[in-house]
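Undergrad: Have a peek at entry_5.cif (mmCIF, C-alpha atoms; chains and numbers go by the auth columns).
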```cif
data_work
#
loop_
_atom_site.group_PDB
_atom_site.id
_atom_site.type_symbol
_atom_site.label_atom_id
_atom_site.label_comp_id
_atom_site.label_asym_id
_atom_site.label_seq_id
_atom_site.Cartn_x
_atom_site.Cartn_y
_atom_site.Cartn_z
_atom_site.B_iso_or_equiv
_atom_site.auth_seq_id
_atom_site.auth_asym_id
ATOM 1 C CA MET A 1 -23.321 -1.923 -2.864 0.00 1 A
ATOM 2 C CA LEU A 2 -20.648 -4.183 -1.446 0.00 2 A
ATOM 3 C CA HIS A 3 -21.694 -7.615 -0.178 0.00 3 A
ATOM 4 C CA ILE A 4 -19.563 -8.890 2.701 0.00 4 A
ATOM 5 C CA PRO A 5 -20.087 -12.173 4.572 0.00 5 A
ATOM 6 C CA SER A 6 -20.843 -11.498 8.236 0.00 6 A
ATOM 7 C CA GLY A 7 -17.883 -13.674 9.236 0.00 7 A
ATOM 8 C CA ILE A 8 -15.502 -11.373 7.376 0.00 8 A
ATOM 9 C CA ILE A 9 -17.093 -8.297 8.941 0.00 9 A
ATOM 10 C CA GLN A 10 -16.576 -9.868 12.346 0.00 10 A
ATOM 11 C CA ASP A 11 -12.996 -10.749 11.459 0.00 11 A
ATOM 12 C CA MET A 12 -12.183 -7.159 10.479 0.00 12 A
ATOM 13 C CA ILE A 13 -13.669 -5.924 13.769 0.00 13 A
ATOM 14 C CA ALA A 14 -11.728 -8.552 15.710 0.00 14 A
ATOM 15 C CA HIS A 15 -8.547 -7.535 13.890 0.00 15 A
ATOM 16 C CA ALA A 16 -9.154 -3.881 14.780 0.00 16 A
ATOM 17 C CA ARG A 17 -9.741 -4.752 18.422 0.00 17 A
ATOM 18 C CA GLU A 18 -6.672 -6.975 18.638 0.00 18 A
ATOM 19 C CA LEU A 19 -4.392 -4.219 17.423 0.00 19 A
ATOM 20 C CA ALA A 20 -5.981 -1.275 19.227 0.00 20 A
ATOM 21 C CA PRO A 21 -4.729 1.299 19.999 0.00 21 A
ATOM 22 C CA HIS A 22 -2.707 0.690 16.836 0.00 22 A
ATOM 23 C CA GLU A 23 -4.577 0.596 13.564 0.00 23 A
ATOM 24 C CA CYS A 24 -5.028 -2.680 11.721 0.00 24 A
ATOM 25 C CA CYS A 25 -4.958 -3.011 7.944 0.00 25 A
ATOM 26 C CA GLY A 26 -5.758 -5.588 5.313 0.00 26 A
ATOM 27 C CA ILE A 27 -7.053 -6.464 1.890 0.00 27 A
ATOM 28 C CA LEU A 28 -10.422 -7.771 0.721 0.00 28 A
ATOM 29 C CA SER A 29 -10.798 -9.862 -2.398 0.00 29 A
ATOM 30 C CA GLY A 30 -13.726 -11.288 -4.259 0.00 30 A
ATOM 31 C CA LYS A 31 -15.692 -11.096 -7.422 0.00 31 A
ATOM 32 C CA GLN A 32 -17.569 -8.074 -8.709 0.00 32 A
ATOM 33 C CA GLU A 33 -19.299 -6.641 -5.639 0.00 33 A
ATOM 34 C CA THR A 34 -18.991 -9.647 -3.346 0.00 34 A
ATOM 35 C CA VAL A 35 -16.165 -10.117 -0.876 0.00 35 A
ATOM 36 C CA VAL A 36 -15.003 -13.703 -0.459 0.00 36 A
ATOM 37 C CA GLU A 37 -11.730 -13.393 1.431 0.00 37 A
ATOM 38 C CA CYS A 38 -9.988 -11.132 3.898 0.00 38 A
ATOM 39 C CA TYR A 39 -6.204 -10.890 4.208 0.00 39 A
ATOM 40 C CA ARG A 40 -4.777 -9.448 7.397 0.00 40 A
ATOM 41 C CA ILE A 41 -1.663 -7.444 6.568 0.00 41 A
ATOM 42 C CA THR A 42 0.874 -6.436 9.184 0.00 42 A
ATOM 43 C CA ASN A 43 0.859 -2.753 10.065 0.00 43 A
ATOM 44 C CA ILE A 44 4.625 -2.335 10.287 0.00 44 A
ATOM 45 C CA LEU A 45 4.164 0.715 12.497 0.00 45 A
ATOM 46 C CA ALA A 46 2.451 -1.491 15.075 0.00 46 A
ATOM 47 C CA THR A 47 5.305 -3.988 15.141 0.00 47 A
ATOM 48 C CA MET A 48 8.103 -1.500 15.638 0.00 48 A
ATOM 49 C CA SER A 49 9.891 -1.429 18.964 0.00 49 A
ATOM 50 C CA LYS A 50 9.882 1.763 20.999 0.00 50 A
ATOM 51 C CA GLN A 51 13.481 2.271 19.978 0.00 51 A
ATOM 52 C CA GLU A 52 12.598 1.972 16.304 0.00 52 A
ATOM 53 C CA LEU A 53 9.623 4.255 16.741 0.00 53 A
ATOM 54 C CA SER A 54 11.801 6.854 18.416 0.00 54 A
ATOM 55 C CA ARG A 55 13.727 7.013 15.151 0.00 55 A
ATOM 56 C CA PHE A 56 10.525 6.946 13.148 0.00 56 A
ATOM 57 C CA ASP A 57 10.462 9.396 10.338 0.00 57 A
ATOM 58 C CA GLY A 58 7.013 9.274 8.841 0.00 58 A
ATOM 59 C CA ALA A 59 8.152 10.685 5.555 0.00 59 A
ATOM 60 C CA LYS A 60 10.993 8.223 5.186 0.00 60 A
ATOM 61 C CA LEU A 61 8.921 5.267 6.266 0.00 61 A
ATOM 62 C CA SER A 62 6.142 5.918 3.874 0.00 62 A
ATOM 63 C CA ASP A 63 8.259 7.596 1.275 0.00 63 A
ATOM 64 C CA LEU A 64 5.578 10.188 1.153 0.00 64 A
ATOM 65 C CA GLN A 65 7.580 13.350 1.200 0.00 65 A
ATOM 66 C CA ARG A 66 4.836 15.289 -0.425 0.00 66 A
ATOM 67 C CA LEU A 67 2.716 15.042 2.722 0.00 67 A
ATOM 68 C CA SER A 68 2.497 18.111 4.916 0.00 68 A
ATOM 69 C CA PRO A 69 4.126 17.842 8.354 0.00 69 A
ATOM 70 C CA GLU A 70 0.646 17.455 9.850 0.00 70 A
ATOM 71 C CA GLU A 71 -0.168 14.614 7.486 0.00 71 A
ATOM 72 C CA ARG A 72 3.141 12.885 8.144 0.00 72 A
ATOM 73 C CA ALA A 73 2.454 12.949 11.856 0.00 73 A
ATOM 74 C CA ASP A 74 -0.939 11.499 11.063 0.00 74 A
ATOM 75 C CA ILE A 75 0.400 8.317 9.422 0.00 75 A
ATOM 76 C CA ALA A 76 -0.926 5.494 11.532 0.00 76 A
ATOM 77 C CA PHE A 77 -0.595 2.421 9.390 0.00 77 A
ATOM 78 C CA GLN A 78 1.810 1.248 6.769 0.00 78 A
ATOM 79 C CA MET A 79 1.216 -2.114 5.125 0.00 79 A
ATOM 80 C CA ASP A 80 4.047 -4.614 4.982 0.00 80 A
ATOM 81 C CA ALA A 81 4.888 -4.569 1.282 0.00 81 A
ATOM 82 C CA ARG A 82 5.850 -8.244 1.121 0.00 82 A
ATOM 83 C CA GLU A 83 2.588 -9.403 2.698 0.00 83 A
ATOM 84 C CA MET A 84 0.661 -7.079 0.430 0.00 84 A
ATOM 85 C CA ALA A 85 2.377 -8.578 -2.606 0.00 85 A
ATOM 86 C CA MET A 86 1.766 -12.143 -1.367 0.00 86 A
ATOM 87 C CA ALA A 87 -1.925 -11.407 -0.859 0.00 87 A
ATOM 88 C CA GLN A 88 -2.166 -9.942 -4.336 0.00 88 A
ATOM 89 C CA ARG A 89 -0.556 -13.033 -5.791 0.00 89 A
ATOM 90 C CA ASP A 90 -2.929 -15.328 -3.894 0.00 90 A
ATOM 91 C CA ILE A 91 -5.870 -13.266 -5.112 0.00 91 A
ATOM 92 C CA ARG A 92 -4.679 -13.600 -8.682 0.00 92 A
ATOM 93 C CA THR A 93 -4.022 -17.345 -8.329 0.00 93 A
ATOM 94 C CA LYS A 94 -7.579 -17.888 -7.108 0.00 94 A
ATOM 95 C CA GLY A 95 -9.010 -15.891 -9.972 0.00 95 A
ATOM 96 C CA HIS A 96 -10.387 -13.252 -7.620 0.00 96 A
ATOM 97 C CA ASP A 97 -10.041 -9.484 -7.798 0.00 97 A
ATOM 98 C CA LEU A 98 -8.649 -7.091 -5.253 0.00 98 A
ATOM 99 C CA LEU A 99 -11.841 -5.362 -4.096 0.00 99 A
ATOM 100 C CA GLY A 100 -10.604 -3.130 -1.340 0.00 100 A
ATOM 101 C CA PHE A 101 -8.253 -2.131 1.426 0.00 101 A
ATOM 102 C CA TYR A 102 -9.399 -1.840 5.014 0.00 102 A
ATOM 103 C CA HIS A 103 -7.931 -0.202 8.077 0.00 103 A
ATOM 104 C CA SER A 104 -9.180 0.818 11.472 0.00 104 A
ATOM 105 C CA HIS A 105 -9.656 4.171 13.131 0.00 105 A
ATOM 106 C CA THR A 106 -9.379 3.485 16.818 0.00 106 A
ATOM 107 C CA PHE A 107 -10.487 6.878 18.083 0.00 107 A
ATOM 108 C CA SER A 108 -12.131 8.569 15.130 0.00 108 A
ATOM 109 C CA PRO A 109 -15.140 8.050 12.876 0.00 109 A
ATOM 110 C CA ALA A 110 -15.338 5.648 9.939 0.00 110 A
ATOM 111 C CA ARG A 111 -14.493 8.158 7.260 0.00 111 A
ATOM 112 C CA PRO A 112 -11.250 8.737 5.342 0.00 112 A
ATOM 113 C CA SER A 113 -8.829 11.217 6.864 0.00 113 A
ATOM 114 C CA GLN A 114 -7.081 13.719 4.622 0.00 114 A
ATOM 115 C CA THR A 115 -3.999 11.497 4.773 0.00 115 A
ATOM 116 C CA ASP A 116 -6.068 8.466 3.715 0.00 116 A
ATOM 117 C CA ILE A 117 -7.342 10.421 0.722 0.00 117 A
ATOM 118 C CA THR A 118 -3.903 11.671 -0.276 0.00 118 A
ATOM 119 C CA ILE A 119 -2.426 8.173 -0.162 0.00 119 A
ATOM 120 C CA ALA A 120 -5.415 6.642 -1.958 0.00 120 A
ATOM 121 C CA MET A 121 -4.855 9.113 -4.780 0.00 121 A
ATOM 122 C CA GLU A 122 -1.196 8.151 -4.884 0.00 122 A
ATOM 123 C CA PHE A 123 -2.144 4.482 -5.276 0.00 123 A
ATOM 124 C CA GLU A 124 -4.647 5.463 -7.948 0.00 124 A
ATOM 125 C CA SER A 125 -1.827 6.841 -10.045 0.00 125 A
ATOM 126 C CA TYR A 126 -0.133 3.411 -10.145 0.00 126 A
ATOM 127 C CA ARG A 127 -2.890 0.909 -10.241 0.00 127 A
ATOM 128 C CA THR A 128 -3.977 1.167 -13.849 0.00 128 A
ATOM 129 C CA LYS A 129 -0.391 0.572 -14.956 0.00 129 A
ATOM 130 C CA LEU A 130 -0.360 -2.602 -12.858 0.00 130 A
ATOM 131 C CA ASN A 131 -3.681 -3.697 -14.265 0.00 131 A
ATOM 132 C CA LEU A 132 -5.407 -3.630 -10.863 0.00 132 A
ATOM 133 C CA PRO A 133 -9.105 -2.851 -10.453 0.00 133 A
ATOM 134 C CA GLU A 134 -10.183 0.271 -8.604 0.00 134 A
ATOM 135 C CA PRO A 135 -10.256 -0.595 -4.876 0.00 135 A
ATOM 136 C CA LEU A 136 -12.762 0.513 -2.292 0.00 136 A
ATOM 137 C CA HIS A 137 -11.441 1.838 0.997 0.00 137 A
ATOM 138 C CA LEU A 138 -13.074 0.425 4.131 0.00 138 A
ATOM 139 C CA ILE A 139 -12.677 1.861 7.584 0.00 139 A
ATOM 140 C CA VAL A 140 -13.504 0.086 10.826 0.00 140 A
ATOM 141 C CA SER A 141 -14.161 2.652 13.529 0.00 141 A
ATOM 142 C CA LEU A 142 -13.784 1.722 17.187 0.00 142 A
ATOM 143 C CA GLU A 143 -14.660 5.258 18.261 0.00 143 A
ATOM 144 C CA GLN A 144 -17.549 3.764 20.203 0.00 144 A
ATOM 145 C CA ALA A 145 -15.890 0.625 21.478 0.00 145 A
ATOM 146 C CA ALA A 146 -19.104 -1.304 22.053 0.00 146 A
ATOM 147 C CA HIS A 147 -20.513 -0.353 18.671 0.00 147 A
ATOM 148 C CA PRO A 148 -17.906 -0.688 15.936 0.00 148 A
ATOM 149 C CA VAL A 149 -18.857 0.801 12.578 0.00 149 A
ATOM 150 C CA ILE A 150 -17.592 -0.226 9.142 0.00 150 A
ATOM 151 C CA LYS A 151 -18.033 1.978 6.121 0.00 151 A
ATOM 152 C CA ALA A 152 -16.772 1.646 2.558 0.00 152 A
ATOM 153 C CA TYR A 153 -15.773 4.457 0.239 0.00 153 A
ATOM 154 C CA ARG A 154 -14.851 4.947 -3.351 0.00 154 A
ATOM 155 C CA ILE A 155 -12.271 7.731 -3.540 0.00 155 A
ATOM 156 C CA GLN A 156 -12.137 9.478 -6.882 0.00 156 A
ATOM 157 C CA GLU A 157 -10.463 12.808 -7.566 0.00 157 A
ATOM 158 C CA ALA A 158 -9.841 13.162 -3.821 0.00 158 A
ATOM 159 C CA GLN A 159 -13.567 12.907 -3.074 0.00 159 A
ATOM 160 C CA PRO A 160 -14.790 9.985 -0.955 0.00 160 A
ATOM 161 C CA THR A 161 -18.249 8.632 -1.761 0.00 161 A
ATOM 162 C CA GLU A 162 -19.785 6.150 0.639 0.00 162 A
ATOM 163 C CA ILE A 163 -20.752 2.770 -0.829 0.00 163 A
ATOM 164 C CA SER A 164 -23.329 0.839 1.164 0.00 164 A
ATOM 165 C CA ILE A 165 -22.321 -2.475 2.732 0.00 165 A
ATOM 166 C CA GLN A 166 -24.705 -5.413 2.658 0.00 166 A
ATOM 167 C CA PRO A 167 -23.789 -8.141 5.166 0.00 167 A
ATOM 168 C CA THR A 168 -24.464 -11.636 3.846 0.00 168 A
ATOM 169 C CA GLY A 169 -24.604 -15.141 5.271 0.00 169 A
ATOM 170 C CA MET B 1 17.506 0.544 -21.589 0.00 1 B
ATOM 171 C CA ILE B 2 14.803 -0.182 -19.076 0.00 2 B
ATOM 172 C CA LYS B 3 11.932 2.166 -18.322 0.00 3 B
ATOM 173 C CA VAL B 4 11.567 2.759 -14.576 0.00 4 B
ATOM 174 C CA ARG B 5 8.412 4.322 -13.146 0.00 5 B
ATOM 175 C CA ILE B 6 9.159 6.659 -10.273 0.00 6 B
ATOM 176 C CA PRO B 7 6.543 7.234 -7.555 0.00 7 B
ATOM 177 C CA THR B 8 5.551 10.816 -6.750 0.00 8 B
ATOM 178 C CA PRO B 9 7.552 10.973 -3.484 0.00 9 B
ATOM 179 C CA LEU B 10 10.805 10.212 -5.290 0.00 10 B
ATOM 180 C CA ARG B 11 10.286 12.523 -8.237 0.00 11 B
ATOM 181 C CA PRO B 12 12.126 15.440 -6.630 0.00 12 B
ATOM 182 C CA MET B 13 15.216 13.268 -7.072 0.00 13 B
ATOM 183 C CA THR B 14 14.562 12.657 -10.759 0.00 14 B
ATOM 184 C CA GLY B 15 13.952 16.281 -11.641 0.00 15 B
ATOM 185 C CA GLY B 16 10.207 15.713 -11.516 0.00 16 B
ATOM 186 C CA LYS B 17 10.233 12.904 -14.074 0.00 17 B
ATOM 187 C CA ASN B 18 7.745 10.101 -13.530 0.00 18 B
ATOM 188 C CA GLU B 19 9.691 7.753 -15.780 0.00 19 B
ATOM 189 C CA VAL B 20 13.385 7.460 -16.402 0.00 20 B
ATOM 190 C CA GLU B 21 15.383 5.154 -18.647 0.00 21 B
ATOM 191 C CA VAL B 22 18.159 3.249 -16.936 0.00 22 B
ATOM 192 C CA ALA B 23 20.701 0.712 -18.168 0.00 23 B
ATOM 193 C CA GLY B 24 21.069 -2.599 -16.365 0.00 24 B
ATOM 194 C CA ASN B 25 20.624 -6.327 -16.701 0.00 25 B
ATOM 195 C CA THR B 26 19.149 -6.912 -13.253 0.00 26 B
ATOM 196 C CA ILE B 27 17.088 -4.988 -10.698 0.00 27 B
ATOM 197 C CA ALA B 28 20.225 -4.539 -8.565 0.00 28 B
ATOM 198 C CA GLU B 29 22.067 -2.968 -11.494 0.00 29 B
ATOM 199 C CA ILE B 30 19.112 -0.752 -12.304 0.00 30 B
ATOM 200 C CA ILE B 31 18.949 0.522 -8.733 0.00 31 B
ATOM 201 C CA ASP B 32 22.717 1.067 -8.612 0.00 32 B
ATOM 202 C CA ASN B 33 22.582 3.042 -11.837 0.00 33 B
ATOM 203 C CA LEU B 34 19.487 4.897 -10.730 0.00 34 B
ATOM 204 C CA GLY B 35 21.353 5.844 -7.552 0.00 35 B
ATOM 205 C CA SER B 36 24.356 7.083 -9.537 0.00 36 B
ATOM 206 C CA ALA B 37 22.226 9.207 -11.824 0.00 37 B
ATOM 207 C CA HIS B 38 19.931 10.458 -9.053 0.00 38 B
ATOM 208 C CA PRO B 39 21.794 10.626 -5.741 0.00 39 B
ATOM 209 C CA GLY B 40 19.773 9.708 -2.680 0.00 40 B
ATOM 210 C CA ILE B 41 17.264 7.503 -4.434 0.00 41 B
ATOM 211 C CA LYS B 42 19.017 4.216 -3.628 0.00 42 B
ATOM 212 C CA GLU B 43 18.928 4.956 0.093 0.00 43 B
ATOM 213 C CA ARG B 44 15.194 5.499 -0.163 0.00 44 B
ATOM 214 C CA LEU B 45 14.720 2.050 -1.663 0.00 45 B
ATOM 215 C CA TYR B 46 17.155 -0.057 0.383 0.00 46 B
ATOM 216 C CA ASP B 47 17.366 -0.458 4.139 0.00 47 B
ATOM 217 C CA GLU B 48 20.598 -0.471 6.115 0.00 48 B
ATOM 218 C CA GLN B 49 21.102 -4.165 5.222 0.00 49 B
ATOM 219 C CA GLY B 50 20.818 -3.442 1.534 0.00 50 B
ATOM 220 C CA GLU B 51 17.399 -5.082 1.213 0.00 51 B
ATOM 221 C CA VAL B 52 14.354 -3.492 -0.384 0.00 52 B
ATOM 222 C CA ARG B 53 12.566 -1.567 2.370 0.00 53 B
ATOM 223 C CA ARG B 54 9.542 -3.113 4.039 0.00 54 B
ATOM 224 C CA PHE B 55 7.182 -0.553 2.559 0.00 55 B
ATOM 225 C CA ILE B 56 8.407 -0.678 -1.032 0.00 56 B
ATOM 226 C CA ASN B 57 7.275 -2.997 -3.812 0.00 57 B
ATOM 227 C CA ILE B 58 9.239 -3.235 -7.021 0.00 58 B
ATOM 228 C CA TYR B 59 7.497 -4.705 -10.024 0.00 59 B
ATOM 229 C CA VAL B 60 8.859 -5.961 -13.295 0.00 60 B
ATOM 230 C CA ASN B 61 5.972 -5.473 -15.665 0.00 61 B
ATOM 231 C CA GLU B 62 3.083 -6.735 -13.456 0.00 62 B
ATOM 232 C CA GLU B 63 5.044 -9.094 -11.179 0.00 63 B
ATOM 233 C CA ASP B 64 6.622 -8.270 -7.826 0.00 64 B
ATOM 234 C CA ILE B 65 10.353 -9.041 -7.794 0.00 65 B
ATOM 235 C CA ARG B 66 9.862 -10.983 -4.552 0.00 66 B
ATOM 236 C CA PHE B 67 8.169 -13.651 -6.680 0.00 67 B
ATOM 237 C CA LEU B 68 10.824 -13.529 -9.351 0.00 68 B
ATOM 238 C CA THR B 69 14.426 -13.660 -8.180 0.00 69 B
ATOM 239 C CA GLY B 70 14.493 -10.533 -6.055 0.00 70 B
ATOM 240 C CA LYS B 71 17.223 -8.040 -6.775 0.00 71 B
ATOM 241 C CA GLU B 72 18.852 -10.514 -9.153 0.00 72 B
ATOM 242 C CA THR B 73 15.761 -10.611 -11.363 0.00 73 B
ATOM 243 C CA PRO B 74 17.042 -10.388 -14.946 0.00 74 B
ATOM 244 C CA LEU B 75 15.720 -7.691 -17.233 0.00 75 B
ATOM 245 C CA LYS B 76 15.456 -7.447 -20.965 0.00 76 B
ATOM 246 C CA ASP B 77 14.784 -4.607 -23.340 0.00 77 B
ATOM 247 C CA GLY B 78 11.161 -3.606 -23.202 0.00 78 B
ATOM 248 C CA ASP B 79 10.665 -4.590 -19.554 0.00 79 B
ATOM 249 C CA GLU B 80 9.139 -1.939 -17.331 0.00 80 B
ATOM 250 C CA VAL B 81 10.078 -1.538 -13.691 0.00 81 B
ATOM 251 C CA SER B 82 7.651 0.143 -11.272 0.00 82 B
ATOM 252 C CA ILE B 83 8.578 1.323 -7.787 0.00 83 B
ATOM 253 C CA ILE B 84 5.490 1.489 -5.616 0.00 84 B
ATOM 254 C CA PRO B 85 5.090 2.303 -1.914 0.00 85 B
ATOM 255 C CA ALA B 86 2.749 -0.070 -0.054 0.00 86 B
ATOM 256 C CA ILE B 87 -0.565 1.345 1.087 0.00 87 B
ATOM 257 C CA ALA B 88 -0.475 3.553 4.158 0.00 88 B
ATOM 258 C CA GLY B 89 -2.937 5.846 5.831 0.00 89 B
ATOM 259 C CA GLY B 90 -3.794 8.129 8.658 0.00 90 B
ATOM 260 C CA ARG B 91 -5.993 8.214 11.676 0.00 91 B
#
```
Could you render the structure as structure tokens?

TA:
Amino acid sequence: MLHIPSGIIQDMIAHARELAPHECCGILSGKQETVVECYRITNILATMSKQELSRFDGAKLSDLQRLSPEERADIAFQMDAREMAMAQRDIRTKGHDLLGFYHSHTFSPARPSQTDITIAMEFESYRTKLNLPEPLHLIVSLEQAAHPVIKAYRIQEAQPTEISIQPTG
Amino acid sequence: MIKVRIPTPLRPMTGGKNEVEVAGNTIAEIIDNLGSAHPGIKERLYDEQGEVRRFINIYVNEEDIRFLTGKETPLKDGDEVSIIPAIAGGR
């Protein structure tokens, strides 16, 4: 069970809507199973000019050469590394933990794509060495625009397991 | 010598090794030497302006070099450098 203040749920939905049709992304922090803060992180794919995007090489951008061509073409968000690092520092300074990453699916359901799972596993291989807790992966789906859906997953050994979300306050 | 952790996507350039030992007193020297020993790797880490790419984090032990002194961050024996791509995902 993950407890998330309603205001943060609304903020994630607003973030997703603001960036649609691009995907949004961000970080949630808190203590144990309770989210206390949401950090919007720039999706650098969404800020690229058309000219930059025309030169876009998904593998180079994400440095994820191991992805299949289909998965590379599927890359829809890439966090700005500097902002991600700044958020992690702020989280540490406040004595919170990194609880999860969120991103939006503008046209598909709120479940991890194969690319999401592959990249989550990649992160998993680093995080223990950096002394980070295991993150949950949240997806905001705008598939039904009037009825956004947020779901949270734990991804272990390439298998996503849904964790229920309890809105608070 | 400094231990450098190599992320999966770059391991083809290090002969499959997930860690390599590199000489250098700063991050910049480590990356230069890494690039000499493993051609192509430096270009994956730096953009055309010679800055660390927007999707790459480099850590010394558990701290991002952006919060130390960037590429000039000094290193000492026993330090560990980790190269980590920022989180990405699909649709």

Undergrad: Write out, as a Markdown table, each residue of chain B that has an atom at most 12 Å from chain A, together with the closest pair of atoms and their distance in Å to one decimal, counting all atoms listed in the file, rows going by chain and rising number.

TA:
```
| residue | atom | partner | partner_atom | distance |
| --- | --- | --- | --- | --- |
| B:Arg5 | CA | A:Tyr126 | CA | 9.1 |
| B:Ile6 | CA | A:Tyr126 | CA | 9.8 |
| B:Pro7 | CA | A:Tyr126 | CA | 8.1 |
| B:Thr8 | CA | A:Glu122 | CA | 7.5 |
| B:Pro9 | CA | A:Leu64 | CA | 5.1 |
| B:Leu10 | CA | A:Asp63 | CA | 7.5 |
| B:Arg11 | CA | A:Gln65 | CA | 9.9 |
| B:Pro12 | CA | A:Gln65 | CA | 9.3 |
| B:Met13 | CA | A:Gln65 | CA | 11.3 |
| B:Asn18 | CA | A:Ser125 | CA | 10.7 |
| B:Gly40 | CA | A:Lys60 | CA | 11.9 |
| B:Ile41 | CA | A:Asp63 | CA | 10.7 |
| B:Glu43 | CA | A:Lys60 | CA | 10.0 |
| B:Arg44 | CA | A:Lys60 | CA | 7.3 |
| B:Leu45 | CA | A:Asp63 | CA | 9.0 |
| B:Tyr46 | CA | A:Lys60 | CA | 11.4 |
| B:Asp47 | CA | A:Leu61 | CA | 10.4 |
| B:Glu51 | CA | A:Arg82 | CA | 12.0 |
| B:Val52 | CA | A:Ala81 | CA | 9.7 |
| B:Arg53 | CA | A:Ala81 | CA | 8.3 |
| B:Arg54 | CA | A:Ala81 | CA | 5.6 |
| B:Phe55 | CA | A:Ala81 | CA | 4.8 |
| B:Ile56 | CA | A:Ala81 | CA | 5.7 |
| B:Asn57 | CA | A:Ala81 | CA | 5.8 |
| B:Ile58 | CA | A:Ala81 | CA | 9.5 |
| B:Tyr59 | CA | A:Leu130 | CA | 8.6 |
| B:Val60 | CA | A:Leu130 | CA | 9.8 |
| B:Asn61 | CA | A:Leu130 | CA | 7.5 |
| B:Glu62 | CA | A:Leu130 | CA | 5.4 |
| B:Glu63 | CA | A:Leu130 | CA | 8.6 |
| B:Asp64 | CA | A:Ala85 | CA | 6.7 |
| B:Ile65 | CA | A:Ala85 | CA | 9.5 |
| B:Arg66 | CA | A:Arg82 | CA | 7.5 |
| B:Phe67 | CA | A:Met86 | CA | 8.5 |
| B:Leu68 | CA | A:Ala85 | CA | 11.9 |
| B:Gly70 | CA | A:Arg82 | CA | 11.5 |
| B:Glu80 | CA | A:Lys129 | CA | 10.1 |
| B:Val81 | CA | A:Leu130 | CA | 10.5 |
| B:Ser82 | CA | A:Tyr126 | CA | 8.5 |
| B:Ile83 | CA | A:Tyr126 | CA | 9.3 |
| B:Ile84 | CA | A:Tyr126 | CA | 7.5 |
| B:Pro85 | CA | A:Ser62 | CA | 6.9 |
| B:Ala86 | CA | A:Ala81 | CA | 5.2 |
| B:Ile87 | CA | A:Met79 | CA | 5.6 |
| B:Ala88 | CA | A:Gln78 | CA | 4.2 |
| B:Gly89 | CA | A:Asp116 | CA | 4.6 |
| B:Gly90 | CA | A:Ile75 | CA | 4.3 |
| B:Arg91 | CA | A:His105 | CA | 5.6 |
```

Undergrad: Evaluate the PyMOL selection byres ((chain B and resi 3) around 10) and record the selected residues as a list in words, following the chain and residue labels used in the document.

TA: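 Applied to this file, the PyMOL selection byres ((chain B and resi 3) around 10) selects Met1, Ile2, Val4, Arg5, Ile6, Glu19, Val20, Glu21, Val22, Ala23, Ile30, Asp77, Gly78, Asp79, Glu80, Val81 and Ser82 of chain B.
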
Undergrad: Provide the CA of Leu28 (chain A) to CA of Met48 (chain A) distance in Å, to one decimal place.

TA: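 Separating CA of Leu28 (chain A) from CA of Met48 (chain A) is a distance of 24.6 Å.
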
Undergrad: For region 71-74 of chain B, what centre and edge lengths in Å (one decimal) does the axis-aligned box get once 6 Å is added on each side of all its listed atoms, as lines of an AutoDock Vina configuration file?

TA:
```
center_x = 17.3
center_y = -9.3
center_z = -10.9
size_x = 15.1
size_y = 14.6
size_z = 20.2
```
